[in-house]
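The next block holds one structure in the form of structure tokens; read it before the comments.
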Amino acid sequence: MNEIQVLLPMPNATAIEGFVNMTPHVWIYKMCVLLAVLTFAGWRLSTGTKSGRNDANGRKLHAGHAKTLATWAKKYGDIFRVLLGNREAVVLNTRTAVAKTLVKQGATFQSRPEWNLWHGAFVHAADTGGILTIGSGFFALVLQICAVNVGTLRKMLAPYTSSQKLPKYNHFVSRRYLRLIKMLADSMSKPRDLGLCWWSTTVGIGTDQLVGYIHDDEFTKVICDTEIGIFRQRSFGTPYHDWVPLINIAEITASTAATFANGFLGLFGLSIPQMNFNVAEDRASQLRHAQAKYCKHQLATLLQRISEGDQTPSQLGDLFRALPDPLSHHDSYLLMTTLSGSGMATGTTLNWLMGKLAANQEMQDRAYQAIHDVYAAEVPDPHDTDRVEYIKALGLEAGRYWTPVRLGFFRETQADSNVDGRFIPKDTMIVYNSYQINRDPSGYDLPDEFIPERWMNGHYGRTDTIGPAGDKIGVPHMGHGTGRRMCMGVPNVNKTLYGILALTLHFFKLERAELNDEGMRDVFPSFRAAGQCSMNMDPIKDQISDCDAQAVPFAVGIRLIPRNPDQLNFWIKEDHRTLQEFDGVFG
Ligand code: HEM
């Protein structure tokens, strides 16, 4: 590790201006918190950390994870350590760093960390005694006493998420494709943000085929909304009090002081407002409760159907029916919550990619021509994953270029480790900076340009060499992680991106268009209506927040023009039926 950074919150310029205009009780709260921060900072610096620039670092991190970590990577190299409160994180920034850790020392780097905001809220909301990600830290250990371990669960699940098995669930996917094309056809009259179209399709595909049930629009929308919200929360160093215990203590103290003060002031008919330091926790809890509600419903319905002899193919249904002994409720529920909204990041990828294609007619024409070259004038078979090389390359490059899950899912070391003679103790949090690694020049030339051709004709990341370049990390890019805990949804993502791109680009010409007030009212989720994306779909400037775990774009106005209206109408009315194998269960 080259250097240790201390990250602590410091007020920025606007905060200082706000400070001056504060009412007295807010002053008292803030002073308490600030005092604790300064005490803590002093303590940290006096315990041997090397950096004396903690204030600047804190501000920079808040200015944006991607930008700040990229700057630090330039300064401190491919692996460096960060202290966040009482937690230490090691940040990996290059393919070399990933190869030496997640890949070559896969067993040591396979755990996942837990912290209160996220996992605490999760456990409380679930009230099933279960951690709801395939976790491996404190909450999981305490609550998983009777549960099978992560590796076993992954092995059980893997066959049902593999590309060989997926065609078994095509009838669910086909229905979602039909619904998507209908929704797009209905959106042709004026420029629209198509967020709901992309997310409800990808999330719908994931959740329908998971339990073998076609969920209605309202149910699917709740899952989309909740999962998008959840993935805005799992962030690096936010909220500070979840990472810096002294801030937490200061906030609790301030809150308690206010309660006492109110007791006293109440005698004179006076009061001061109670500060809410738990906005993030409240939001996490709200989201977790929403998630627990639909997951419990989905699981209960699935188990009920299985007990009644239902044989409808589905990922979880097939798994449950194949097991000699039933899984514990905890494990079944864990699988449900891990997977129910799993199509969400695929929808995010499509929001970015479709915005880019709509703005770049040359690239869109190339995609259309590539589809046409393979299928002539016929409607492409959306289940033909990989048949049109350019379409496959668009999906892969979108995953690299925008890297929707910017910092991956954090890991934790399961044992002491050594990287190039530098010691990383057990229980250290590991953050792989996927956004930066996906721009590592050893693996990708012109890394800040969107070039689908880097994945075509034998190229594998670089346009100037054939085959893989840079250190071997076992994956084309880090958008889905790598090693023992890598994403289990890659075949699903590839299949879905292919199907949606092939059908959409065959049926419609997309053009970027400014959204008017009415168009902005339709934007989904509504927080994206805070602005409109540039024509470039810049991964940094066009994201809603610089620090969210998932990079979600501002609103994207798109006008759709049918390429062949007769064929489109015919397909919607009749032809799509050839894609279906049999009638599934409807919700
Ligand atoms: C574009 C869409 C997606 C992206 C960007 C994405 C990204 C990721 C990332 C970064 C991880 C952490 C991997 C690691 O630590 O090495 C992960 C884990 C996971 N993903 Fe995905 N994912 C996507 C879609 C899906 C889908 C559709 C599924 C459904 C099967 C899925 C299932 C999982 C599971 C089960 C894990 C947890 C693995 C574990 O902890 O052992 N993902 N995903």
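Going by the structure tokens order, chains are called A, B, ..., each with residues numbered from 1, while ligands are numbered from 1 in the order shown.
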
At most 7 Å from ligand 1 (only C-alpha atoms and all ligand atoms): residue list as a PyMOL selection string:
chain A and resi 134-135+150+154+161+206+338-339+342-346+349+399+403-405+408-411+479-490+492-493

If you count only C-alpha atoms, which residues fall within 7 Å of region 376-393 of chain A, apart from same-chain ones fewer than 5 positions away, as an NGL selection string?
:A and (367 or 370-371 or 452-453 or 455-456 or 495 or 498-499 or 501-503)

Let me see the file: selected residues, N, CA and C atoms, as an mmCIF file, in the first residue's frame.
data_model
loop_
_atom_site.group_PDB
_atom_site.id
_atom_site.type_symbol
_atom_site.label_atom_id
_atom_site.label_comp_id
_atom_site.auth_asym_id
_atom_site.auth_seq_id
_atom_site.Cartn_x
_atom_site.Cartn_y
_atom_site.Cartn_z
ATOM 1 N N ALA A 367 -25.708 -0.675 -36.329
ATOM 2 C CA ALA A 367 -26.381 -1.755 -35.585
ATOM 3 C C ALA A 367 -27.542 -2.309 -36.404
ATOM 4 N N ALA A 370 -26.274 -4.380 -39.238
ATOM 5 C CA ALA A 370 -25.732 -5.665 -38.761
ATOM 6 C C ALA A 370 -26.875 -6.652 -38.494
ATOM 7 N N ILE A 371 -27.975 -6.153 -37.935
ATOM 8 C CA ILE A 371 -29.138 -7.020 -37.685
ATOM 9 C C ILE A 371 -29.702 -7.482 -39.036
ATOM 10 N N PRO A 452 -17.609 -0.051 -29.710
ATOM 11 C CA PRO A 452 -18.037 -1.458 -29.718
ATOM 12 C C PRO A 452 -17.041 -2.363 -30.445
ATOM 13 N N GLU A 453 -16.355 -1.804 -31.457
ATOM 14 C CA GLU A 453 -15.439 -2.623 -32.268
ATOM 15 C C GLU A 453 -14.291 -3.204 -31.451
ATOM 16 N N TRP A 455 -14.530 -5.116 -29.208
ATOM 17 C CA TRP A 455 -14.942 -6.480 -28.833
ATOM 18 C C TRP A 455 -15.260 -7.333 -30.058
ATOM 19 N N MET A 456 -14.834 -6.880 -31.260
ATOM 20 C CA MET A 456 -15.231 -7.609 -32.471
ATOM 21 C C MET A 456 -14.029 -8.141 -33.233
ATOM 22 N N LYS A 495 -28.129 -12.182 -22.600
ATOM 23 C CA LYS A 495 -29.328 -12.612 -23.339
ATOM 24 C C LYS A 495 -30.345 -11.462 -23.423
ATOM 25 N N TYR A 498 -29.203 -8.502 -25.618
ATOM 26 C CA TYR A 498 -29.284 -8.875 -27.039
ATOM 27 C C TYR A 498 -30.732 -8.801 -27.525
ATOM 28 N N GLY A 499 -31.629 -9.449 -26.812
ATOM 29 C CA GLY A 499 -33.023 -9.510 -27.236
ATOM 30 C C GLY A 499 -33.638 -8.126 -27.360
ATOM 31 N N LEU A 501 -32.113 -5.140 -27.586
ATOM 32 C CA LEU A 501 -31.472 -4.310 -28.618
ATOM 33 C C LEU A 501 -31.912 -4.758 -30.014
ATOM 34 N N ALA A 502 -31.911 -6.075 -30.235
ATOM 35 C CA ALA A 502 -32.236 -6.580 -31.580
ATOM 36 C C ALA A 502 -33.659 -6.165 -31.964
ATOM 37 N N LEU A 503 -34.617 -6.370 -31.081
ATOM 38 C CA LEU A 503 -36.010 -6.040 -31.415
ATOM 39 C C LEU A 503 -36.216 -4.533 -31.534
#

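Between Arg112 (chain A) and the residues A:Ser200, A:Thr94, A:Thr465, A:Thr413, the shortest atom-to-atom distance, using only C-alpha atoms, involves A:Thr413.
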
Env of Phe172 (chain A): 8 Å cut, atoms = only C-alpha atoms, seq-sep filter 6 positions within chain, self excluded. Answer as a list in words.
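Final neighbour list, sorted by chain and number: Ile205, Asp208, Gln209, Gly212, Tyr213, Ile214 and Gly584 of chain A.
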
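Distance annotation: of A:Thr201, A:Asn170, A:Ser332, A:Thr152, the residue with the minimal separation from His215 (chain A) is A:Thr201; atom set is only C-alpha atoms.
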
What's the 7 Å shell around Gly557 (chain A), counting only C-alpha atoms, without same-chain residues fewer than 3 positions away, as a PDB file with N, CA and C atoms, in the first residue's frame?
ATOM      1  N   PRO A 191     -41.694  12.806 -27.900  1.00  0.00           N
ATOM      2  CA  PRO A 191     -40.471  12.378 -27.208  1.00  0.00           C
ATOM      3  C   PRO A 191     -40.770  11.958 -25.774  1.00  0.00           C
ATOM      4  N   ARG A 192     -40.181  10.869 -25.351  1.00  0.00           N
ATOM      5  CA  ARG A 192     -40.449  10.343 -24.009  1.00  0.00           C
ATOM      6  C   ARG A 192     -39.141   9.890 -23.361  1.00  0.00           C
ATOM      7  N   ASP A 193     -39.130   9.879 -22.058  1.00  0.00           N
ATOM      8  CA  ASP A 193     -38.075   9.167 -21.349  1.00  0.00           C
ATOM      9  C   ASP A 193     -38.561   7.722 -21.271  1.00  0.00           C
ATOM     10  N   ARG A 512     -32.718  11.439 -30.394  1.00  0.00           N
ATOM     11  CA  ARG A 512     -32.747  12.201 -29.140  1.00  0.00           C
ATOM     12  C   ARG A 512     -33.586  13.457 -29.323  1.00  0.00           C
ATOM     13  N   ALA A 513     -34.372  13.811 -28.321  1.00  0.00           N
ATOM     14  CA  ALA A 513     -35.199  15.017 -28.381  1.00  0.00           C
ATOM     15  C   ALA A 513     -35.376  15.550 -26.964  1.00  0.00           C
ATOM     16  N   GLU A 514     -35.385  16.866 -26.859  1.00  0.00           N
ATOM     17  CA  GLU A 514     -35.578  17.512 -25.554  1.00  0.00           C
ATOM     18  C   GLU A 514     -36.963  17.172 -25.003  1.00  0.00           C
ATOM     19  N   LEU A 515     -37.058  16.922 -23.707  1.00  0.00           N
ATOM     20  CA  LEU A 515     -38.371  16.654 -23.103  1.00  0.00           C
ATOM     21  C   LEU A 515     -38.999  17.978 -22.658  1.00  0.00           C
TER      22      LEU A 515
END

Step one, run DSSP on the backbone; step two, keep only residues of region 70-309 of chain A assigned to strand (DSSP E); then write them as a ChimeraX atom specification.
/A:79-84,87-92,192-193

Leu184 (chain A) environment, 10 Å, only C-alpha atoms, sequence neighbours closer than 3 positions dropped, as a list in words:
Leu178, Arg179, Leu180, Ile181, Ser187, Met188, Arg192, Leu194, Cys197, Trp198, Thr504, Phe507, Phe508, Arg559, Leu560, Ile561 and Pro562 of chain A

Go through region 436-465 of chain A residue by residue and, counting only C-alpha atoms, keep those with an atom at most 12 Å from region 62-83 of chain A; for each kept residue give the shortest atom pair and its distance in Å to one decimal, ordered by chain and increasing number, as CSV.
residue,atom,partner,partner_atom,distance
A:Gln436,CA,A:Ala70,CA,6.3
A:Ile437,CA,A:Asp78,CA,9.4
A:Asn438,CA,A:Ala66,CA,11.5
A:Arg439,CA,A:Ala70,CA,9.8
A:Asp440,CA,A:Asp78,CA,10.1

Include N, CA, C and O atoms and write out the residues we just selected as a PDB file, in the first residue's frame.
ATOM      1  N   GLN A 436     -12.738   2.610 -12.749  1.00  0.00           N
ATOM      2  CA  GLN A 436     -11.357   2.933 -13.099  1.00  0.00           C
ATOM      3  C   GLN A 436     -10.667   1.736 -13.772  1.00  0.00           C
ATOM      4  O   GLN A 436      -9.946   1.890 -14.754  1.00  0.00           O
ATOM      5  N   ILE A 437     -10.930   0.546 -13.243  1.00  0.00           N
ATOM      6  CA  ILE A 437     -10.289  -0.654 -13.813  1.00  0.00           C
ATOM      7  C   ILE A 437     -10.770  -0.862 -15.249  1.00  0.00           C
ATOM      8  O   ILE A 437     -10.016  -1.302 -16.115  1.00  0.00           O
ATOM      9  N   ASN A 438     -12.026  -0.494 -15.501  1.00  0.00           N
ATOM     10  CA  ASN A 438     -12.550  -0.616 -16.869  1.00  0.00           C
ATOM     11  C   ASN A 438     -11.985   0.441 -17.808  1.00  0.00           C
ATOM     12  O   ASN A 438     -12.329   0.479 -18.981  1.00  0.00           O
ATOM     13  N   ARG A 439     -11.126   1.298 -17.259  1.00  0.00           N
ATOM     14  CA  ARG A 439     -10.432   2.294 -18.079  1.00  0.00           C
ATOM     15  C   ARG A 439      -8.924   2.092 -17.996  1.00  0.00           C
ATOM     16  O   ARG A 439      -8.151   2.974 -18.369  1.00  0.00           O
ATOM     17  N   ASP A 440      -8.525   0.931 -17.508  1.00  0.00           N
ATOM     18  CA  ASP A 440      -7.090   0.638 -17.402  1.00  0.00           C
ATOM     19  C   ASP A 440      -6.503   0.546 -18.815  1.00  0.00           C
ATOM     20  O   ASP A 440      -6.899  -0.321 -19.605  1.00  0.00           O
TER      21      ASP A 440
END

Separation of CA of Glu412 (chain A) from CA of Pro425 (chain A), in Å and rounded to one decimal
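Separating CA of Glu412 (chain A) from CA of Pro425 (chain A) is a distance of 9.9 Å.
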
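Relative to CA of Ser534 (chain A), CA of Gln369 (chain A) is found at 25.8 Å.
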
Near Val556 (chain A), counting only C-alpha atoms, which residues have an atom at most 7 Å away, once you skip same-chain residues fewer than 6 positions from it, shown as a PyMOL selection string?
chain A and resi 193+355+532-533

So that I can check the secondary structure, give me every residue of region 382-449 of chain A assigned helix (DSSP H, G or I) by backbone DSSP, as a PyMOL selection string.
chain A and resi 389-402+434-437

Distance query Lys472 (chain A) at most 7 Å, only C-alpha atoms, self and fewer than 2 positions along chain excluded, as number ranges by chain:
A: 99, 470, 474

Would you please work out which residue, of A:Ile473, A:Leu510, A:Ile247, A:Ile544, is nearest to Met354 (chain A) when using only C-alpha atoms?
A:Leu510
